[in-house]
$ cat run_5.cif   # mmCIF, C-alpha atoms
data_input
loop_
_atom_site.label_atom_id
_atom_site.label_comp_id
_atom_site.auth_asym_id
_atom_site.auth_seq_id
_atom_site.Cartn_x
_atom_site.Cartn_y
_atom_site.Cartn_z
CA MET A 26 16.76 -93.76 -8.59
CA LYS A 27 13.03 -94.10 -7.93
CA ASN A 28 13.68 -93.65 -4.24
CA ALA A 29 15.64 -90.45 -4.89
CA ARG A 30 12.80 -88.99 -6.97
CA LEU A 31 10.24 -90.04 -4.39
CA LEU A 32 12.36 -88.51 -1.62
CA THR A 33 12.74 -85.28 -3.61
CA VAL A 34 9.00 -85.07 -4.27
CA LEU A 35 8.31 -85.79 -0.59
CA ILE A 36 10.75 -83.08 0.55
CA VAL A 37 9.26 -80.55 -1.87
CA PHE A 38 5.76 -81.44 -0.67
CA VAL A 39 6.74 -81.07 3.00
CA LEU A 40 8.48 -77.74 2.33
CA ALA A 41 5.44 -76.48 0.42
CA LEU A 42 3.22 -77.56 3.28
CA PHE A 43 5.33 -75.77 5.91
CA SER A 44 5.81 -72.63 3.84
CA GLY A 45 2.05 -72.50 3.32
CA CYS A 46 1.50 -72.70 7.06
CA ALA A 47 3.78 -69.72 7.66
CA THR A 48 1.60 -67.54 5.48
CA MET A 49 -1.69 -68.85 6.82
CA PRO A 50 -3.64 -66.74 9.28
CA GLN A 51 -2.79 -67.47 12.89
CA THR A 52 -2.82 -65.85 16.30
CA TRP A 53 0.08 -63.57 17.14
CA PRO A 54 0.22 -63.20 20.95
CA ASP A 55 3.50 -61.26 20.97
CA TYR A 56 2.16 -58.71 18.50
CA GLU A 57 -1.08 -58.47 20.46
CA ARG A 58 0.78 -57.81 23.73
CA SER A 59 3.01 -55.25 22.06
CA ALA A 60 -0.01 -53.38 20.66
CA GLU A 61 -1.78 -53.51 24.00
CA ASN A 62 1.26 -52.07 25.78
CA LYS A 63 1.53 -49.28 23.21
CA LEU A 64 -2.17 -48.44 23.63
CA VAL A 65 -1.70 -48.06 27.39
CA VAL A 66 1.48 -45.97 27.07
CA ILE A 67 -0.09 -43.63 24.50
CA GLN A 68 -3.23 -43.22 26.63
CA GLU A 69 -1.06 -42.25 29.61
CA LYS A 70 1.02 -39.82 27.51
CA ILE A 71 -2.10 -38.07 26.30
CA GLY A 72 -3.45 -37.77 29.85
CA ASP A 73 -0.12 -36.48 31.18
CA GLY A 74 0.13 -33.99 28.31
CA LEU A 75 -3.28 -32.57 29.14
CA LYS A 76 -2.48 -32.35 32.87
CA THR A 77 0.85 -30.60 32.34
CA GLY A 78 -0.40 -28.33 29.57
CA ALA A 79 2.03 -29.76 27.00
CA LEU A 80 -1.01 -30.69 24.91
CA SER A 81 -3.93 -28.39 24.31
CA PRO A 82 -7.48 -29.70 24.83
CA ASP A 83 -7.94 -29.71 21.04
CA GLN A 84 -4.77 -31.74 20.50
CA THR A 85 -5.80 -34.11 23.27
CA GLN A 86 -9.20 -34.66 21.69
CA MET A 87 -7.64 -35.25 18.27
CA TYR A 88 -5.17 -37.80 19.67
CA LEU A 89 -7.86 -39.56 21.69
CA THR A 90 -10.07 -39.85 18.61
CA THR A 91 -7.20 -41.35 16.62
CA LEU A 92 -6.40 -43.71 19.50
CA LYS A 93 -10.04 -44.78 19.69
CA GLY A 94 -9.98 -45.76 16.01
CA ILE A 95 -6.81 -47.78 16.51
CA ARG A 96 -8.27 -49.41 19.64
CA THR A 97 -11.35 -50.44 17.63
CA ASP A 98 -9.10 -52.10 15.04
CA TYR A 99 -7.14 -53.75 17.85
CA GLU A 100 -10.35 -55.25 19.27
CA VAL A 101 -11.14 -56.71 15.85
CA LEU A 102 -7.72 -58.39 15.60
CA ARG A 103 -7.43 -59.56 19.21
CA ASP A 104 -7.63 -63.35 19.71
CA LYS A 105 -8.36 -63.86 16.02
CA ARG A 106 -6.46 -65.81 13.42
CA VAL A 107 -5.08 -63.12 11.10
CA TYR A 108 -2.07 -62.52 8.91
CA ARG A 109 0.96 -61.01 10.63
CA GLU A 110 0.88 -58.03 8.27
CA GLU A 111 -2.35 -56.85 9.89
CA TRP A 112 -0.63 -56.68 13.29
CA ASP A 113 2.36 -54.98 11.65
CA ARG A 114 0.08 -52.28 10.20
CA LEU A 115 -1.65 -51.76 13.57
CA ASN A 116 1.67 -51.49 15.42
CA ALA A 117 2.97 -49.07 12.77
CA ARG A 118 -0.10 -46.85 13.31
CA LEU A 119 0.51 -46.91 17.06
CA ASP A 120 4.18 -46.02 16.53
CA ALA A 121 3.22 -43.14 14.25
CA LEU A 122 0.72 -41.79 16.81
CA GLY A 123 3.30 -42.12 19.60
CA ASP A 124 5.87 -40.25 17.50
CA GLU A 125 3.36 -37.49 16.72
CA ILE A 126 2.58 -37.07 20.43
CA ASN A 127 6.30 -36.99 21.25
CA ARG A 128 6.79 -34.22 18.67
CA ALA A 129 3.92 -32.28 20.26
CA PHE A 130 5.64 -32.63 23.65
CA ALA A 131 8.91 -31.39 22.15
CA ARG A 132 7.31 -28.18 20.85
CA PRO A 133 7.51 -25.37 23.36
CA ALA A 134 4.16 -24.69 24.95
CA ARG A 135 2.71 -21.36 23.97
CA ILE A 136 1.76 -19.15 26.82
CA GLU A 137 -1.68 -17.92 25.97
CA GLN A 138 -1.61 -14.16 26.25
CA PRO A 139 -4.41 -11.88 25.26
CA LEU A 140 -4.04 -10.40 21.81
CA ASN A 141 -3.15 -6.73 21.52
CA GLY A 142 -6.60 -5.91 20.16
CA ASP A 143 -8.25 -7.55 23.16
CA ARG A 144 -5.95 -5.69 25.50
CA ILE A 145 -6.84 -2.37 23.86
CA VAL A 146 -10.55 -3.06 24.42
CA ALA A 147 -9.94 -4.07 28.07
CA LEU A 148 -7.87 -0.93 28.75
CA GLN A 149 -10.56 1.25 27.16
CA ARG A 150 -13.11 -0.24 29.56
CA ARG A 151 -10.82 0.37 32.53
CA ILE A 152 -10.29 4.01 31.52
CA ASP A 153 -14.03 4.51 31.00
CA ASP A 154 -14.83 2.85 34.34
CA GLY A 155 -12.18 4.91 36.15
CA ARG A 156 -13.46 8.16 34.68
CA SER A 157 -17.12 7.43 35.40
CA SER A 158 -16.46 6.23 38.96
CA GLY A 159 -14.21 9.19 39.76
CA ARG A 160 -11.19 7.03 40.68
CA LEU A 161 -9.31 8.46 37.73
CA PRO A 162 -8.70 12.23 37.89
CA GLN A 163 -9.81 14.14 34.82
CA THR A 164 -6.30 15.17 33.66
CA GLU A 165 -4.90 11.65 34.00
CA GLY A 166 -8.01 10.26 32.33
CA ARG A 167 -7.43 12.49 29.29
CA GLU A 168 -3.72 11.59 29.20
CA PHE A 169 -4.46 7.83 29.40
CA GLN A 170 -7.15 8.15 26.75
CA SER A 171 -4.76 10.04 24.47
CA ARG A 172 -2.07 7.38 24.91
CA LEU A 173 -4.55 4.58 24.25
CA ASP A 174 -5.91 6.38 21.16
CA SER A 175 -2.35 6.70 19.83
CA ILE A 176 -1.69 2.98 20.39
CA ARG A 177 -5.04 2.08 18.82
CA ARG A 178 -4.33 4.21 15.71
CA GLU A 179 -0.92 2.58 15.30
CA TYR A 180 -2.41 -0.89 15.79
CA LEU A 181 -5.17 -0.24 13.24
CA ARG A 182 -2.64 1.15 10.76
CA MET A 183 -0.53 -2.00 11.12
CA THR A 184 -3.44 -4.40 10.70
CA GLU A 185 -5.51 -2.58 8.07
CA GLY A 186 -6.37 -4.48 4.92
CA GLY A 187 -5.42 -7.83 6.44
CA ARG A 188 -1.74 -6.91 6.51
CA TYR A 189 0.32 -9.10 8.80
CA THR A 190 2.30 -7.35 11.45
CA THR A 191 5.93 -8.14 12.10
CA ASN A 192 7.00 -9.53 15.43
CA GLU A 193 8.77 -6.26 16.26
CA GLU A 194 5.60 -4.27 15.62
CA ARG A 195 3.53 -6.60 17.84
CA VAL A 196 6.15 -6.42 20.59
CA ASP A 197 6.23 -2.61 20.40
CA ILE A 198 2.43 -2.36 20.71
CA SER A 199 2.46 -4.88 23.56
CA ARG A 200 5.22 -2.96 25.38
CA ARG A 201 3.30 0.32 25.06
CA LEU A 202 0.13 -1.38 26.34
CA ASP A 203 2.11 -2.79 29.30
CA LEU A 204 3.34 0.70 30.20
CA LEU A 205 -0.15 2.16 29.95
CA GLU A 206 -1.57 -0.66 32.06
CA THR A 207 1.13 -0.17 34.71
CA ASP A 208 0.37 3.55 34.93
CA LEU A 209 -3.36 2.87 35.03
CA ASN A 210 -2.90 0.35 37.87
CA ARG A 211 -1.77 3.19 40.15
CA TYR A 212 -5.30 4.60 40.11
CA GLN A 213 -7.18 1.39 40.80
#
$ encode --input "run_5.cif" --output "structure tokens"
Amino acid sequence: MKNARLLTVLIVFVLALFSGCATMPQTWPDYERSAENKLVVIQEKIGDGLKTGALSPDQTQMYLTTLKGIRTDYEVLRDKRVYREEWDRLNARLDALGDEINRAFARPARIEQPLNGDRIVALQRRIDDGRSSGRLPQTEGREFQSRLDSIRREYLRMTEGGRYTTNEERVDISRRLDLLETDLNRYQ
């Protein structure tokens, strides 16, 4: 009977000792390698995204700043005796950043086109330059100026008071500017 109690106490003590070791800080080489691999893959994704235009320079800078913060935390944990949860949190942050970059890649890249207001200003300069240099005959100059004035009035009416224009309205203005620009190109 005494031996059974002693054996039970010994088993409980050994189990408590081993369970305590599992929760003690230790090195986690597999977690460290996994984090290091993720850091490299994310760095390459960001670089590729910038090269291909899938990521804007602003997005790239934002992702690189986030990655730098994670890399700093990685350096703190590397080769140190820490709890596994710290590596889990670091790997979760890397996964979240990787997912965010993947979502940015999935979004269609916007083709940066000049805004209609900028195009109106550029066309006004071209008309003025053409008239002053004599490349644009007087009658055509008046006609182009009249068309541009009409487009400008419509554009100002649509945007007055901070009102948002509909996509159809923007497309219509853009189409009319395209036609005017095409006609104006004949005299350049």
$ closest_residue --input "run_5.cif" --among "A:Asp124, A:Asn210, A:Leu202, A:Val196" --to "Arg160 of chain A" --atoms "only C-alpha atoms"
A:Asn210
$ atom_distance --input "run_5.cif" --atom1 "atom CA of Asp113 of chain A" --atom2 "atom CA of Thr85 of chain A"
25.2 Å
$ resolve_selection --input "run_5.cif" --expression "the PyMOL selection byres ((chain A and resi 177) around 12)" --output "short mmCIF file (atom, residue, chain, number, x, y, z; two decimals) with C-alpha atoms, in the coordinates of the input"
data_model
loop_
_atom_site.label_atom_id
_atom_site.label_comp_id
_atom_site.auth_asym_id
_atom_site.auth_seq_id
_atom_site.Cartn_x
_atom_site.Cartn_y
_atom_site.Cartn_z
CA ASN A 141 -3.15 -6.73 21.52
CA GLY A 142 -6.60 -5.91 20.16
CA ASP A 143 -8.25 -7.55 23.16
CA ARG A 144 -5.95 -5.69 25.50
CA ILE A 145 -6.84 -2.37 23.86
CA VAL A 146 -10.55 -3.06 24.42
CA LEU A 148 -7.87 -0.93 28.75
CA GLN A 149 -10.56 1.25 27.16
CA GLN A 170 -7.15 8.15 26.75
CA SER A 171 -4.76 10.04 24.47
CA ARG A 172 -2.07 7.38 24.91
CA LEU A 173 -4.55 4.58 24.25
CA ASP A 174 -5.91 6.38 21.16
CA SER A 175 -2.35 6.70 19.83
CA ILE A 176 -1.69 2.98 20.39
CA ARG A 178 -4.33 4.21 15.71
CA GLU A 179 -0.92 2.58 15.30
CA TYR A 180 -2.41 -0.89 15.79
CA LEU A 181 -5.17 -0.24 13.24
CA ARG A 182 -2.64 1.15 10.76
CA MET A 183 -0.53 -2.00 11.12
CA THR A 184 -3.44 -4.40 10.70
CA GLU A 185 -5.51 -2.58 8.07
CA ILE A 198 2.43 -2.36 20.71
CA SER A 199 2.46 -4.88 23.56
CA ARG A 201 3.30 0.32 25.06
CA LEU A 202 0.13 -1.38 26.34
#
$ atom_distance --input "run_5.cif" --atom1 "atom CA of Gly123 of chain A" --atom2 "atom CA of Lys63 of chain A"
8.2 Å
$ closest_residue --input "run_5.cif" --among "A:Ser59, A:Gln86, A:Thr77, A:Gln163" --to "Leu115 of chain A" --atoms "all atoms listed in the file"
A:Ser59
$ resolve_selection --input "run_5.cif" --expression "the PyMOL selection byres ((chain A and resi 125) around 12)" --output "ChimeraX atom specification"
/A:67,70-71,80,84-85,87-88,91-92,118-124,126-132
$ write_last_selection --input "run_5.cif" --atoms "C-alpha atoms" --output "PDB file, in the coordinates of the input"
ATOM      1  CA  ILE A  67      -0.090 -43.630  24.500  1.00  0.00           C
ATOM      2  CA  LYS A  70       1.020 -39.820  27.510  1.00  0.00           C
ATOM      3  CA  ILE A  71      -2.100 -38.070  26.300  1.00  0.00           C
ATOM      4  CA  LEU A  80      -1.010 -30.690  24.910  1.00  0.00           C
ATOM      5  CA  GLN A  84      -4.770 -31.740  20.500  1.00  0.00           C
ATOM      6  CA  THR A  85      -5.800 -34.110  23.270  1.00  0.00           C
ATOM      7  CA  MET A  87      -7.640 -35.250  18.270  1.00  0.00           C
ATOM      8  CA  TYR A  88      -5.170 -37.800  19.670  1.00  0.00           C
ATOM      9  CA  THR A  91      -7.200 -41.350  16.620  1.00  0.00           C
ATOM     10  CA  LEU A  92      -6.400 -43.710  19.500  1.00  0.00           C
ATOM     11  CA  ARG A 118      -0.100 -46.850  13.310  1.00  0.00           C
ATOM     12  CA  LEU A 119       0.510 -46.910  17.060  1.00  0.00           C
ATOM     13  CA  ASP A 120       4.180 -46.020  16.530  1.00  0.00           C
ATOM     14  CA  ALA A 121       3.220 -43.140  14.250  1.00  0.00           C
ATOM     15  CA  LEU A 122       0.720 -41.790  16.810  1.00  0.00           C
ATOM     16  CA  GLY A 123       3.300 -42.120  19.600  1.00  0.00           C
ATOM     17  CA  ASP A 124       5.870 -40.250  17.500  1.00  0.00           C
ATOM     18  CA  ILE A 126       2.580 -37.070  20.430  1.00  0.00           C
ATOM     19  CA  ASN A 127       6.300 -36.990  21.250  1.00  0.00           C
ATOM     20  CA  ARG A 128       6.790 -34.220  18.670  1.00  0.00           C
ATOM     21  CA  ALA A 129       3.920 -32.280  20.260  1.00  0.00           C
ATOM     22  CA  PHE A 130       5.640 -32.630  23.650  1.00  0.00           C
ATOM     23  CA  ALA A 131       8.910 -31.390  22.150  1.00  0.00           C
ATOM     24  CA  ARG A 132       7.310 -28.180  20.850  1.00  0.00           C
TER      25      ARG A 132
END
$ atom_distance --input "run_5.cif" --atom1 "atom CA of Asp208 of chain A" --atom2 "atom CA of Glu193 of chain A"
22.7 Å
$ residues_around --input "run_5.cif" --residues "Glu110 of chain A" --least-positions-apart "6" --cutoff "12 Å" --atoms "all atoms listed in the file" --output "PyMOL selection string"
chain A and resi 48-53+56+102+116-117
$ closest_residue --input "run_5.cif" --among "A:Asp153, A:Glu165, A:Asp197, A:Asp98" --to "Ala60 of chain A" --atoms "all atoms listed in the file"
A:Asp98
